[in-house]
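> my_file_34.tsv is the file, holding TSV, C-alpha atoms:
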chain	number	residue	atom	x	y	z
A	166	MET	CA	36.68	18.17	-27.53
A	167	PRO	CA	33.77	15.96	-28.75
A	168	LYS	CA	32.49	16.89	-32.20
A	169	ILE	CA	29.33	16.45	-34.27
A	170	ILE	CA	30.44	14.50	-37.33
A	171	SER	CA	27.18	13.90	-39.21
A	172	ILE	CA	23.48	14.70	-39.03
A	173	SER	CA	20.27	13.64	-40.76
A	174	THR	CA	16.59	14.53	-40.55
A	175	TYR	CA	13.42	12.82	-41.74
A	176	GLN	CA	10.20	14.28	-43.16
A	177	PRO	CA	7.08	12.23	-42.32
A	178	PRO	CA	4.87	11.37	-45.30
A	179	TYR	CA	1.77	13.53	-44.81
A	180	THR	CA	2.11	17.28	-45.45
A	181	LEU	CA	-0.58	19.71	-44.32
A	182	GLN	CA	-0.80	23.38	-45.20
A	183	GLN	CA	-1.49	25.59	-42.20
A	184	ASP	CA	-4.78	26.90	-43.60
A	185	ASN	CA	-5.97	23.31	-44.10
A	186	ALA	CA	-4.98	22.50	-40.51
A	187	GLU	CA	-7.02	25.50	-39.39
A	188	GLU	CA	-10.07	24.30	-41.35
A	189	LEU	CA	-9.78	20.81	-39.85
A	190	THR	CA	-9.55	22.22	-36.35
A	191	LYS	CA	-12.54	24.46	-37.00
A	192	GLU	CA	-14.50	21.42	-38.19
A	193	LEU	CA	-13.60	19.37	-35.11
A	194	PHE	CA	-14.27	22.12	-32.57
A	195	TYR	CA	-17.18	23.95	-34.22
A	196	ALA	CA	-19.89	24.89	-31.65
A	197	LYS	CA	-17.80	23.37	-28.85
A	198	ILE	CA	-15.48	26.30	-28.02
A	199	PRO	CA	-16.84	29.80	-27.39
A	200	LYS	CA	-15.19	32.51	-29.53
A	201	LEU	CA	-13.53	29.81	-31.66
A	202	GLU	CA	-12.93	32.16	-34.62
A	203	ARG	CA	-10.91	34.44	-32.36
A	204	TYR	CA	-8.73	31.61	-31.08
A	205	LEU	CA	-8.16	30.22	-34.58
A	206	LYS	CA	-6.04	33.28	-35.34
A	207	VAL	CA	-3.12	31.42	-33.73
A	208	PHE	CA	-2.98	29.35	-36.93
A	209	GLU	CA	-2.58	32.48	-39.06
A	210	ASN	CA	-0.21	34.37	-36.75
A	211	GLY	CA	2.20	31.60	-35.76
A	212	GLY	CA	4.68	31.93	-38.63
A	213	ILE	CA	3.99	28.38	-39.91
A	214	ASN	CA	3.14	27.50	-43.54
A	215	THR	CA	3.40	23.71	-43.62
A	216	ARG	CA	3.77	20.81	-41.20
A	217	HIS	CA	4.41	17.10	-41.68
A	218	PHE	CA	2.66	14.24	-39.92
A	219	CYS	CA	2.86	10.47	-39.54
A	220	VAL	CA	-0.91	10.08	-40.14
A	221	PRO	CA	-3.20	11.76	-42.70
A	222	ALA	CA	-5.55	14.55	-41.63
A	223	GLU	CA	-8.54	12.21	-41.98
A	224	TRP	CA	-7.17	10.08	-39.14
A	225	HIS	CA	-8.21	12.79	-36.67
A	226	ARG	CA	-11.86	12.70	-37.74
A	227	THR	CA	-12.38	9.46	-35.80
A	228	ASN	CA	-11.65	8.61	-32.17
A	229	HIS	CA	-8.61	6.53	-31.22
A	230	SER	CA	-7.82	4.96	-27.87
A	231	PHE	CA	-4.63	5.63	-25.95
A	232	GLU	CA	-3.64	2.02	-26.68
A	233	GLU	CA	-4.11	2.46	-30.44
A	234	ARG	CA	-2.20	5.73	-30.46
A	235	ASN	CA	0.67	4.32	-28.45
A	236	ASN	CA	0.98	1.15	-30.53
A	237	LEU	CA	1.22	3.31	-33.63
A	238	TYR	CA	3.83	5.46	-31.87
A	239	ILE	CA	5.98	2.39	-31.13
A	240	GLU	CA	5.73	1.13	-34.72
A	241	LEU	CA	6.48	4.44	-36.42
A	242	ALA	CA	9.05	5.76	-33.94
A	243	THR	CA	11.02	2.55	-34.54
A	244	GLN	CA	10.70	2.92	-38.31
A	245	TYR	CA	11.68	6.60	-38.36
A	246	SER	CA	14.63	5.94	-36.04
A	247	VAL	CA	15.96	3.31	-38.44
A	248	ASN	CA	15.59	5.78	-41.34
A	249	VAL	CA	17.50	8.65	-39.70
A	250	ILE	CA	20.23	6.44	-38.22
A	251	GLN	CA	21.00	4.84	-41.56
A	252	ALA	CA	20.95	8.22	-43.30
A	253	CYS	CA	23.21	9.80	-40.67
A	254	LEU	CA	25.85	7.06	-40.85
A	255	ALA	CA	25.96	7.20	-44.66
A	256	ASN	CA	25.51	10.94	-45.21
A	257	THR	CA	27.84	11.84	-48.08
A	258	ALA	CA	27.36	15.55	-47.39
A	259	PHE	CA	29.55	15.11	-44.29
A	260	LEU	CA	31.29	11.71	-44.39
A	261	SER	CA	33.95	10.54	-46.83
A	262	SER	CA	32.81	6.95	-46.28
A	263	PRO	CA	29.91	5.27	-44.43
A	264	ILE	CA	30.35	4.28	-40.78
A	265	PRO	CA	29.37	0.70	-39.87
A	266	THR	CA	26.64	0.45	-37.26
A	267	GLU	CA	28.76	-2.13	-35.43
A	268	ASP	CA	31.24	0.68	-34.64
A	269	ILE	CA	28.70	2.69	-32.61
A	270	ASP	CA	29.34	2.59	-28.86
A	271	ALA	CA	26.20	4.21	-27.45
A	272	ILE	CA	22.78	5.42	-28.53
A	273	ILE	CA	20.86	8.18	-26.76
A	274	PHE	CA	17.18	7.95	-27.71
A	275	VAL	CA	15.09	11.06	-27.01
A	276	SER	CA	11.30	11.23	-27.12
A	277	SER	CA	8.27	12.39	-25.10
A	278	THR	CA	5.24	11.60	-27.28
A	279	GLY	CA	4.75	7.91	-26.54
A	280	ILE	CA	5.58	5.19	-24.04
A	281	SER	CA	7.61	2.06	-24.72
A	282	THR	CA	9.31	-0.50	-22.48
A	283	PRO	CA	11.71	-1.75	-23.71
A	284	SER	CA	12.52	1.70	-25.09
A	285	ILE	CA	12.52	2.36	-28.83
A	286	ASP	CA	16.30	2.00	-29.10
A	287	ALA	CA	16.05	-1.68	-28.13
A	288	ARG	CA	13.49	-2.24	-30.87
A	289	VAL	CA	15.75	-0.45	-33.37
A	290	MET	CA	18.57	-2.82	-32.45
A	291	ASN	CA	16.50	-5.71	-33.84
A	292	LYS	CA	16.41	-3.99	-37.23
A	293	ILE	CA	19.96	-2.57	-37.49
A	294	PRO	CA	23.08	-4.70	-36.82
A	295	PHE	CA	24.46	-2.82	-33.81
A	296	SER	CA	26.85	-4.47	-31.40
A	297	ASP	CA	25.02	-6.36	-28.66
A	298	ARG	CA	27.24	-4.45	-26.23
A	299	LEU	CA	25.84	-1.09	-27.36
A	300	LYS	CA	25.13	1.19	-24.40
A	301	ARG	CA	21.52	2.43	-24.41
A	302	ILE	CA	20.58	5.76	-22.83
A	303	PRO	CA	16.87	6.56	-23.34
A	304	LEU	CA	15.74	10.07	-22.31
A	305	TRP	CA	12.01	10.68	-21.81
A	306	GLY	CA	10.00	13.71	-20.71
A	307	LEU	CA	12.34	16.51	-21.79
A	308	GLY	CA	10.01	17.66	-24.55
A	309	CYS	CA	11.36	20.50	-26.69
A	310	ALA	CA	14.61	20.58	-24.69
A	311	GLY	CA	15.38	16.95	-25.54
A	312	GLY	CA	17.49	17.54	-28.67
A	313	ALA	CA	19.87	19.90	-26.90
A	314	ALA	CA	19.95	17.69	-23.80
A	315	GLY	CA	20.81	14.69	-25.98
A	316	ILE	CA	23.80	16.55	-27.42
A	317	SER	CA	24.91	17.48	-23.89
A	318	ARG	CA	24.71	13.88	-22.66
A	319	ALA	CA	26.63	12.68	-25.73
A	320	TYR	CA	29.28	15.28	-24.89
A	321	ASP	CA	29.50	13.93	-21.33
A	322	PHE	CA	29.83	10.35	-22.60
A	323	CYS	CA	32.55	11.24	-25.10
A	324	LYS	CA	34.50	13.23	-22.49
A	325	ALA	CA	34.58	10.08	-20.36
A	326	HIS	CA	35.20	7.80	-23.36
A	327	PRO	CA	37.29	9.71	-25.94
A	328	TYR	CA	37.26	6.78	-28.41
A	329	ALA	CA	33.45	6.61	-28.42
A	330	LYS	CA	31.02	7.12	-31.27
A	331	VAL	CA	27.56	8.10	-29.98
A	332	LEU	CA	24.27	8.48	-31.81
A	333	VAL	CA	21.63	10.91	-30.57
A	334	VAL	CA	18.23	10.02	-32.04
A	335	CYS	CA	15.19	12.27	-31.51
A	336	VAL	CA	11.72	11.17	-32.62
A	337	GLU	CA	8.46	12.91	-31.79
A	338	LEU	CA	5.01	12.06	-33.14
A	339	CYS	CA	3.04	14.95	-31.73
A	340	SER	CA	0.09	14.34	-34.05
A	341	LEU	CA	-0.69	11.09	-32.21
A	342	THR	CA	-1.20	13.04	-28.99
A	343	PHE	CA	-3.82	15.46	-30.40
A	344	GLN	CA	-7.04	15.34	-28.37
A	345	PRO	CA	-10.20	16.12	-30.43
A	346	ASN	CA	-12.33	16.23	-27.26
A	347	ASP	CA	-10.11	18.62	-25.32
A	348	PHE	CA	-11.56	22.11	-25.69
A	349	SER	CA	-8.85	23.96	-23.77
A	350	LYS	CA	-6.88	26.86	-25.23
A	351	SER	CA	-3.65	24.88	-24.68
A	352	ASN	CA	-4.95	22.14	-26.97
A	353	LEU	CA	-5.83	24.68	-29.66
A	354	ILE	CA	-2.37	26.23	-29.47
A	355	GLY	CA	-0.80	22.78	-29.65
A	356	ALA	CA	-2.94	21.96	-32.69
A	357	SER	CA	-1.66	25.11	-34.42
A	358	LEU	CA	1.99	24.53	-33.56
A	359	PHE	CA	3.15	20.94	-33.16
A	360	ALA	CA	4.19	18.48	-35.85
A	361	ASP	CA	6.08	15.21	-36.32
A	362	GLY	CA	9.75	14.70	-37.08
A	363	ALA	CA	12.91	12.68	-36.50
A	364	ALA	CA	16.59	13.52	-36.48
A	365	CYS	CA	19.92	11.85	-35.71
A	366	ILE	CA	23.44	13.14	-35.06
A	367	LEU	CA	26.76	11.34	-34.64
A	368	VAL	CA	28.99	12.66	-31.85
A	369	CYS	CA	32.58	11.42	-31.60
A	370	GLY	CA	35.23	11.71	-28.91
A	371	ASP	CA	38.68	13.31	-29.24
A	372	GLU	CA	40.47	10.12	-30.23
A	373	VAL	CA	38.12	9.19	-33.07
A	374	ALA	CA	39.63	9.81	-36.51
A	375	ILE	CA	36.96	10.08	-39.22
A	376	ALA	CA	37.48	11.83	-42.55
A	377	THR	CA	34.91	14.58	-43.04
A	378	LYS	CA	34.13	16.78	-46.04
A	379	ARG	CA	33.58	20.08	-44.27
A	380	PRO	CA	34.31	21.85	-40.97
A	381	THR	CA	32.58	20.20	-38.02
A	382	PRO	CA	31.06	21.78	-34.91
A	383	ASN	CA	33.12	20.88	-31.85
A	384	ILE	CA	31.27	20.94	-28.52
A	385	ILE	CA	33.09	23.40	-26.27
A	386	ALA	CA	30.77	23.44	-23.25
A	387	THR	CA	27.23	22.63	-22.16
A	388	GLY	CA	24.94	24.14	-19.56
A	389	SER	CA	21.61	23.31	-17.93
A	390	LYS	CA	19.18	25.51	-16.01
A	391	TRP	CA	16.07	24.47	-14.04
A	392	MET	CA	13.28	26.62	-12.65
A	393	PRO	CA	11.83	25.52	-9.26
A	394	ASP	CA	8.08	24.85	-8.94
A	395	SER	CA	7.45	25.27	-12.65
A	396	GLU	CA	5.83	21.94	-13.54
A	397	ASN	CA	2.75	23.68	-14.91
A	398	VAL	CA	4.60	25.85	-17.45
A	399	MET	CA	4.89	23.13	-20.08
A	400	GLY	CA	4.32	19.38	-20.30
A	401	TRP	CA	1.62	16.71	-20.34
A	402	ASP	CA	-1.42	15.95	-18.24
A	403	VAL	CA	-1.72	12.16	-18.62
A	404	LYS	CA	-5.38	11.09	-18.63
A	405	ASN	CA	-7.33	7.96	-19.57
A	406	ASN	CA	-7.36	8.86	-23.27
A	407	GLY	CA	-3.72	9.92	-23.50
A	408	PHE	CA	-1.53	13.01	-23.30
A	409	HIS	CA	-3.10	16.46	-22.90
A	410	VAL	CA	-0.78	19.39	-23.60
A	411	VAL	CA	0.09	21.93	-20.89
A	412	PHE	CA	1.23	25.23	-22.38
A	413	GLN	CA	1.33	28.49	-20.43
A	414	LYS	CA	1.21	31.82	-22.25
A	415	SER	CA	3.97	33.13	-19.95
A	416	ILE	CA	6.75	31.25	-21.79
A	417	PRO	CA	8.02	34.28	-23.82
A	418	SER	CA	8.25	36.40	-20.66
A	419	ILE	CA	10.08	33.56	-18.89
A	420	ILE	CA	12.66	33.64	-21.66
A	421	THR	CA	13.17	37.35	-21.19
A	422	ASN	CA	13.35	37.36	-17.39
A	423	TRP	CA	14.87	33.96	-16.59
A	424	LEU	CA	16.72	32.56	-19.61
A	425	GLY	CA	18.59	35.77	-20.48
A	426	PRO	CA	20.68	35.91	-17.28
A	427	PHE	CA	21.47	32.18	-17.53
A	428	ILE	CA	22.75	32.50	-21.11
A	429	GLU	CA	24.79	35.57	-20.22
A	430	GLN	CA	26.44	33.75	-17.30
A	431	PHE	CA	27.02	30.64	-19.42
A	432	LEU	CA	28.76	32.65	-22.14
A	433	MET	CA	30.77	34.73	-19.66
A	434	ALA	CA	32.16	31.52	-18.15
A	435	GLN	CA	33.58	30.83	-21.61
A	436	GLY	CA	34.86	34.40	-22.03
A	437	LEU	CA	32.17	35.34	-24.53
A	438	TYR	CA	29.32	37.80	-25.01
A	439	SER	CA	26.25	37.20	-27.14
A	440	GLU	CA	27.49	39.80	-29.64
A	441	GLN	CA	30.47	37.53	-30.40
A	442	LEU	CA	28.32	34.59	-31.52
A	443	THR	CA	28.54	33.84	-35.23
A	444	HIS	CA	25.47	31.60	-35.13
A	445	PHE	CA	22.45	31.31	-32.85
A	446	ILE	CA	20.92	27.85	-33.21
A	447	ALA	CA	17.58	28.19	-31.45
A	448	HIS	CA	14.82	25.67	-31.02
A	449	PRO	CA	11.91	27.54	-32.68
A	450	GLY	CA	9.27	26.95	-30.01
A	451	GLY	CA	7.10	29.50	-31.75
A	452	LYS	CA	7.12	32.94	-33.32
A	453	LYS	CA	6.91	34.73	-29.95
A	454	VAL	CA	9.64	32.52	-28.50
A	455	LEU	CA	12.08	33.52	-31.26
A	456	LYS	CA	11.26	37.19	-30.70
A	457	ALA	CA	11.91	36.75	-26.96
A	458	TYR	CA	15.33	35.22	-27.74
A	459	GLU	CA	16.20	38.24	-29.86
A	460	ASP	CA	15.06	40.72	-27.20
A	461	THR	CA	16.76	39.15	-24.20
A	462	LEU	CA	20.07	38.34	-25.94
A	463	TYR	CA	20.19	41.52	-28.06
A	464	LEU	CA	20.28	39.54	-31.29
A	465	SER	CA	19.44	40.87	-34.73
A	466	PRO	CA	16.49	39.11	-36.44
A	467	GLN	CA	18.98	37.71	-38.95
A	468	LYS	CA	20.44	35.53	-36.21
A	469	THR	CA	17.15	33.59	-35.97
A	470	ASP	CA	16.41	33.44	-39.71
A	471	ILE	CA	17.18	29.73	-40.02
A	472	SER	CA	15.16	28.84	-36.92
A	473	ARG	CA	12.27	30.89	-38.30
A	474	GLU	CA	12.52	29.11	-41.65
A	475	ILE	CA	12.42	25.67	-39.99
A	476	LEU	CA	9.35	26.78	-38.03
A	477	ARG	CA	7.74	28.00	-41.26
A	478	ARG	CA	8.37	24.73	-43.14
A	479	HIS	CA	8.00	22.17	-40.34
A	480	GLY	CA	6.30	23.70	-37.29
A	481	ASN	CA	7.46	22.76	-33.81
A	482	MET	CA	8.41	19.06	-33.79
A	483	SER	CA	9.52	19.18	-30.15
A	484	SER	CA	12.92	17.57	-29.47
A	485	PRO	CA	14.18	17.05	-33.08
A	486	THR	CA	13.45	20.63	-34.17
A	487	VAL	CA	16.71	22.17	-32.99
A	488	LEU	CA	18.57	19.44	-34.89
A	489	TYR	CA	16.76	20.45	-38.09
A	490	VAL	CA	18.10	23.96	-37.43
A	491	LEU	CA	21.59	22.63	-36.71
A	492	GLU	CA	21.53	20.62	-39.95
A	493	GLN	CA	21.10	23.82	-41.97
A	494	PHE	CA	24.04	25.46	-40.19
A	495	MET	CA	26.20	22.39	-40.78
A	496	LEU	CA	25.25	22.22	-44.47
A	497	ASN	CA	25.33	25.88	-45.41
A	498	GLU	CA	26.73	28.18	-42.72
A	499	GLY	CA	29.48	26.83	-40.48
A	500	GLN	CA	33.03	27.90	-41.32
A	501	VAL	CA	36.32	27.30	-39.50
A	502	GLU	CA	36.46	29.24	-36.20
A	503	ASP	CA	32.75	30.14	-36.25
A	504	THR	CA	31.13	30.06	-32.81
A	505	GLY	CA	27.54	28.95	-32.33
A	506	LEU	CA	25.18	28.71	-29.38
A	507	LEU	CA	22.50	26.01	-29.50
A	508	VAL	CA	19.57	26.58	-27.10
A	509	ALA	CA	16.31	24.77	-26.33
A	510	LEU	CA	13.68	24.93	-23.59
A	511	GLY	CA	11.42	22.23	-22.22
A	512	PRO	CA	9.29	20.86	-19.38
A	513	GLY	CA	10.68	21.13	-15.92
A	514	PHE	CA	10.80	24.11	-16.69
A	515	CYS	CA	14.35	23.91	-18.04
A	516	ALA	CA	16.87	25.23	-20.54
A	517	GLU	CA	19.76	23.47	-22.27
A	518	ALA	CA	22.66	25.35	-23.89
A	519	VAL	CA	25.47	23.97	-26.06
A	520	LEU	CA	28.45	26.07	-27.19
A	521	LEU	CA	29.93	25.03	-30.54
A	522	ASN	CA	33.07	25.97	-32.44
A	523	TRP	CA	33.59	24.90	-36.07
A	524	ARG	CA	36.98	23.31	-36.82
A	525	GLU	CA	38.68	21.30	-39.56
Would you give me this structure, written as structure tokens?

Amino acid sequence: MPKIISISTYQPPYTLQQDNAEELTKELFYAKIPKLERYLKVFENGGINTRHFCVPAEWHRTNHSFEERNNLYIELATQYSVNVIQACLANTAFLSSPIPTEDIDAIIFVSSTGISTPSIDARVMNKIPFSDRLKRIPLWGLGCAGGAAGISRAYDFCKAHPYAKVLVVCVELCSLTFQPNDFSKSNLIGASLFADGAACILVCGDEVAIATKRPTPNIIATGSKWMPDSENVMGWDVKNNGFHVVFQKSIPSIITNWLGPFIEQFLMAQGLYSEQLTHFIAHPGGKKVLKAYEDTLYLSPQKTDISREILRRHGNMSSPTVLYVLEQFMLNEGQVEDTGLLVALGPGFCAEAVLLNWRE
């Protein structure tokens, strides 16, 4: 049973209060969007207090080409990846001793907010002394589902290679995709919601013996669900000046009508019901998304408290966000024999589910 041995997250350097983000957006879109004051209420009602970005707020007051944005993405995604990998492999909260980077067998790099060939993991390998036989598995385009999907693919790898140590690295720089000349409601919602972040986990196979300081979440099972003809629910429109966010308001109702039955079937296959879950580790896509999780899975609001707190302090960072939530469970909540369900949604439209059980 592959297990998550260590985890780390990274906070980008520029912090913005939500009311300041609202004022900046008002400044940029003033007289360009009808009924702007009405739409700006999404900043106040989204359950977010602060967000963290890779560029200062002033950066958005001037225009930047797609090339400039993407070059900055490559530079900073590489830098942040190095930071979270090194922190994960030397995290004294979980590990009794650091793990050499040369011992890592595979790296799964997850991102959707920039383009790089070779992928960012190859650039990271020039800065960290990995083995030159390291297996690279870049995942692009999964958006908010990417963190959960990365865990699932690490599980698959470790089931096939029980001696393997696999890193899952998620980096998203959503602020670099913001479009100051896009006056759509989707862009306004994105401006109120998305942020930057990076996270890394270490997943190890059954035959790996590493001393840990606390119970670790073992991966019991994973599940994926895809919705046909749903490309326009969530994603990017790629245009000459970069990525333009696609964000349908129907997402909470999709969770209720489509995700609920999938999660029920997934748990039943493992002999479980949602009421038996000790922990619910949800990607906080937004305030309404968390409420939809509670309604469709009959969860008490307390089950989404940690997800709600991550949303409040960090916003939606896309793929790394669910790992920020998982980090809090691993640090403060998980006890031996606890059962947790990790869930995230993303473009496709798709869902990823990971069942966890904490063990010594």
> Write out as JSON lines a residue-level contact list of stretch 312-374 of chain A versus stretch 269-285 of chain A with cut-off 12 Å: for each qualifying residue the closest pair of atoms and the distance in Å to one decimal, counting only C-alpha atoms, rows sorted by chain and residue number upward.

{"residue": "A:Gly312", "atom": "CA", "partner": "A:Val275", "partner_atom": "CA", "distance": 7.1}
{"residue": "A:Ala313", "atom": "CA", "partner": "A:Val275", "partner_atom": "CA", "distance": 10.1}
{"residue": "A:Ala314", "atom": "CA", "partner": "A:Val275", "partner_atom": "CA", "distance": 8.8}
{"residue": "A:Gly315", "atom": "CA", "partner": "A:Ile273", "partner_atom": "CA", "distance": 6.6}
{"residue": "A:Ile316", "atom": "CA", "partner": "A:Ile273", "partner_atom": "CA", "distance": 8.9}
{"residue": "A:Ser317", "atom": "CA", "partner": "A:Ile273", "partner_atom": "CA", "distance": 10.5}
{"residue": "A:Arg318", "atom": "CA", "partner": "A:Ile273", "partner_atom": "CA", "distance": 8.0}
{"residue": "A:Ala319", "atom": "CA", "partner": "A:Ile273", "partner_atom": "CA", "distance": 7.4}
{"residue": "A:Tyr320", "atom": "CA", "partner": "A:Ile273", "partner_atom": "CA", "distance": 11.2}
{"residue": "A:Asp321", "atom": "CA", "partner": "A:Ile273", "partner_atom": "CA", "distance": 11.7}
{"residue": "A:Phe322", "atom": "CA", "partner": "A:Ala271", "partner_atom": "CA", "distance": 8.6}
{"residue": "A:Cys323", "atom": "CA", "partner": "A:Ala271", "partner_atom": "CA", "distance": 9.8}
{"residue": "A:His326", "atom": "CA", "partner": "A:Asp270", "partner_atom": "CA", "distance": 9.6}
{"residue": "A:Pro327", "atom": "CA", "partner": "A:Asp270", "partner_atom": "CA", "distance": 11.1}
{"residue": "A:Tyr328", "atom": "CA", "partner": "A:Asp270", "partner_atom": "CA", "distance": 9.0}
{"residue": "A:Ala329", "atom": "CA", "partner": "A:Asp270", "partner_atom": "CA", "distance": 5.8}
{"residue": "A:Lys330", "atom": "CA", "partner": "A:Ile269", "partner_atom": "CA", "distance": 5.2}
{"residue": "A:Val331", "atom": "CA", "partner": "A:Ala271", "partner_atom": "CA", "distance": 4.8}
{"residue": "A:Leu332", "atom": "CA", "partner": "A:Ile272", "partner_atom": "CA", "distance": 4.7}
{"residue": "A:Val333", "atom": "CA", "partner": "A:Ile273", "partner_atom": "CA", "distance": 4.7}
{"residue": "A:Val334", "atom": "CA", "partner": "A:Phe274", "partner_atom": "CA", "distance": 4.9}
{"residue": "A:Cys335", "atom": "CA", "partner": "A:Val275", "partner_atom": "CA", "distance": 4.7}
{"residue": "A:Val336", "atom": "CA", "partner": "A:Ser276", "partner_atom": "CA", "distance": 5.5}
{"residue": "A:Glu337", "atom": "CA", "partner": "A:Thr278", "partner_atom": "CA", "distance": 5.7}
{"residue": "A:Leu338", "atom": "CA", "partner": "A:Thr278", "partner_atom": "CA", "distance": 5.9}
{"residue": "A:Cys339", "atom": "CA", "partner": "A:Thr278", "partner_atom": "CA", "distance": 6.0}
{"residue": "A:Ser340", "atom": "CA", "partner": "A:Thr278", "partner_atom": "CA", "distance": 8.9}
{"residue": "A:Leu341", "atom": "CA", "partner": "A:Thr278", "partner_atom": "CA", "distance": 7.7}
{"residue": "A:Thr342", "atom": "CA", "partner": "A:Thr278", "partner_atom": "CA", "distance": 6.8}
{"residue": "A:Phe343", "atom": "CA", "partner": "A:Thr278", "partner_atom": "CA", "distance": 10.3}
{"residue": "A:Phe359", "atom": "CA", "partner": "A:Thr278", "partner_atom": "CA", "distance": 11.2}
{"residue": "A:Ala360", "atom": "CA", "partner": "A:Thr278", "partner_atom": "CA", "distance": 11.0}
{"residue": "A:Asp361", "atom": "CA", "partner": "A:Thr278", "partner_atom": "CA", "distance": 9.8}
{"residue": "A:Gly362", "atom": "CA", "partner": "A:Ser276", "partner_atom": "CA", "distance": 10.7}
{"residue": "A:Ala363", "atom": "CA", "partner": "A:Ser276", "partner_atom": "CA", "distance": 9.6}
{"residue": "A:Ala364", "atom": "CA", "partner": "A:Val275", "partner_atom": "CA", "distance": 9.9}
{"residue": "A:Cys365", "atom": "CA", "partner": "A:Phe274", "partner_atom": "CA", "distance": 9.3}
{"residue": "A:Ile366", "atom": "CA", "partner": "A:Ile273", "partner_atom": "CA", "distance": 10.0}
{"residue": "A:Leu367", "atom": "CA", "partner": "A:Ile269", "partner_atom": "CA", "distance": 9.1}
{"residue": "A:Val368", "atom": "CA", "partner": "A:Ala271", "partner_atom": "CA", "distance": 9.9}
{"residue": "A:Cys369", "atom": "CA", "partner": "A:Ile269", "partner_atom": "CA", "distance": 9.6}
{"residue": "A:Gly370", "atom": "CA", "partner": "A:Asp270", "partner_atom": "CA", "distance": 10.9}
{"residue": "A:Val373", "atom": "CA", "partner": "A:Ile269", "partner_atom": "CA", "distance": 11.5}
> How far is it from atom CA of A:Pro426 to atom CA of A:Ser465, in Å with one decimal?
18.2 Å
> Return as CSV the residues of stretch 454-477 of chain A lying at most 12 Å from stretch 428-438 of chain A, together with the closest atom-to-atom pair for each and the distance in Å to one decimal, counting all atoms listed in the file, with rows in chain order and ascending residue number.

residue,atom,partner,partner_atom,distance
A:Tyr458,CA,A:Ile428,CA,10.3
A:Thr461,CA,A:Ile428,CA,9.5
A:Leu462,CA,A:Glu429,CA,7.9
A:Tyr463,CA,A:Tyr438,CA,10.3
A:Leu464,CA,A:Tyr438,CA,11.1
> Could you check the closest approach to A:Arg478 for each of A:Asn210, A:Thr215, A:Ser296, A:Asn185 and tell me which residue wins, using only C-alpha atoms?
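Nearest candidate to A:Arg478 out of A:Asn210, A:Thr215, A:Ser296, A:Asn185: A:Thr215.
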> Of the residues A:Ser230, A:Asn248, A:Ile419, A:Val454, which is the one nearest to A:Leu476, using all atoms listed in the file?
A:Val454
> Could you state the separation of atom CA of A:Pro417 and atom CA of A:Lys456 in Å, given to one decimal place?
8.1 Å
> Kindly indicate which residue among A:Ala356, A:Leu507, A:Asn406, A:Val398 lies nearest to A:Ala447, using all atoms listed in the file for the distances.
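Closest residue, counting all atoms listed in the file: A:Leu507.
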> For a quick check of understanding, using all atoms listed in the file, which of A:Asn383, A:Gln500, A:Asn405, A:Gln251 has the smallest distance to A:Thr174?
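The shortest atom-to-atom distance to A:Thr174 comes from A:Gln251.
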> Give the answer as one residue: which of A:Lys404, A:Lys206, A:Lys453, A:Lys390 has the shortest atom-to-atom distance to A:Thr421, using only C-alpha atoms?
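The closest residue to A:Thr421 is A:Lys453.
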> My list of candidates is A:Arg216, A:Ala518, A:Val289, A:Met166. Which is closest to A:Ala242 when distances are computed with all atoms listed in the file?
A:Val289
> How far is it from atom CA of A:Gln183 to atom CA of A:Ser418, in Å with one decimal?
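These atoms are spaced 26.0 Å apart.
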> For a quick check of your reading of the model, name the residues lying within 8 Å of the coordinate (17.1, -0.1, -37.3), counting all atoms listed in the file, and write them as a ChimeraX atom specification.
/A:243-244,246-248,250-251,288-294
> I want to know what sits within 6 Å of A:Pro177, based on only C-alpha atoms, with residues of the same chain fewer than 6 positions away left out; could you give that as a VMD selection string?
chain A and resid 217 to 219
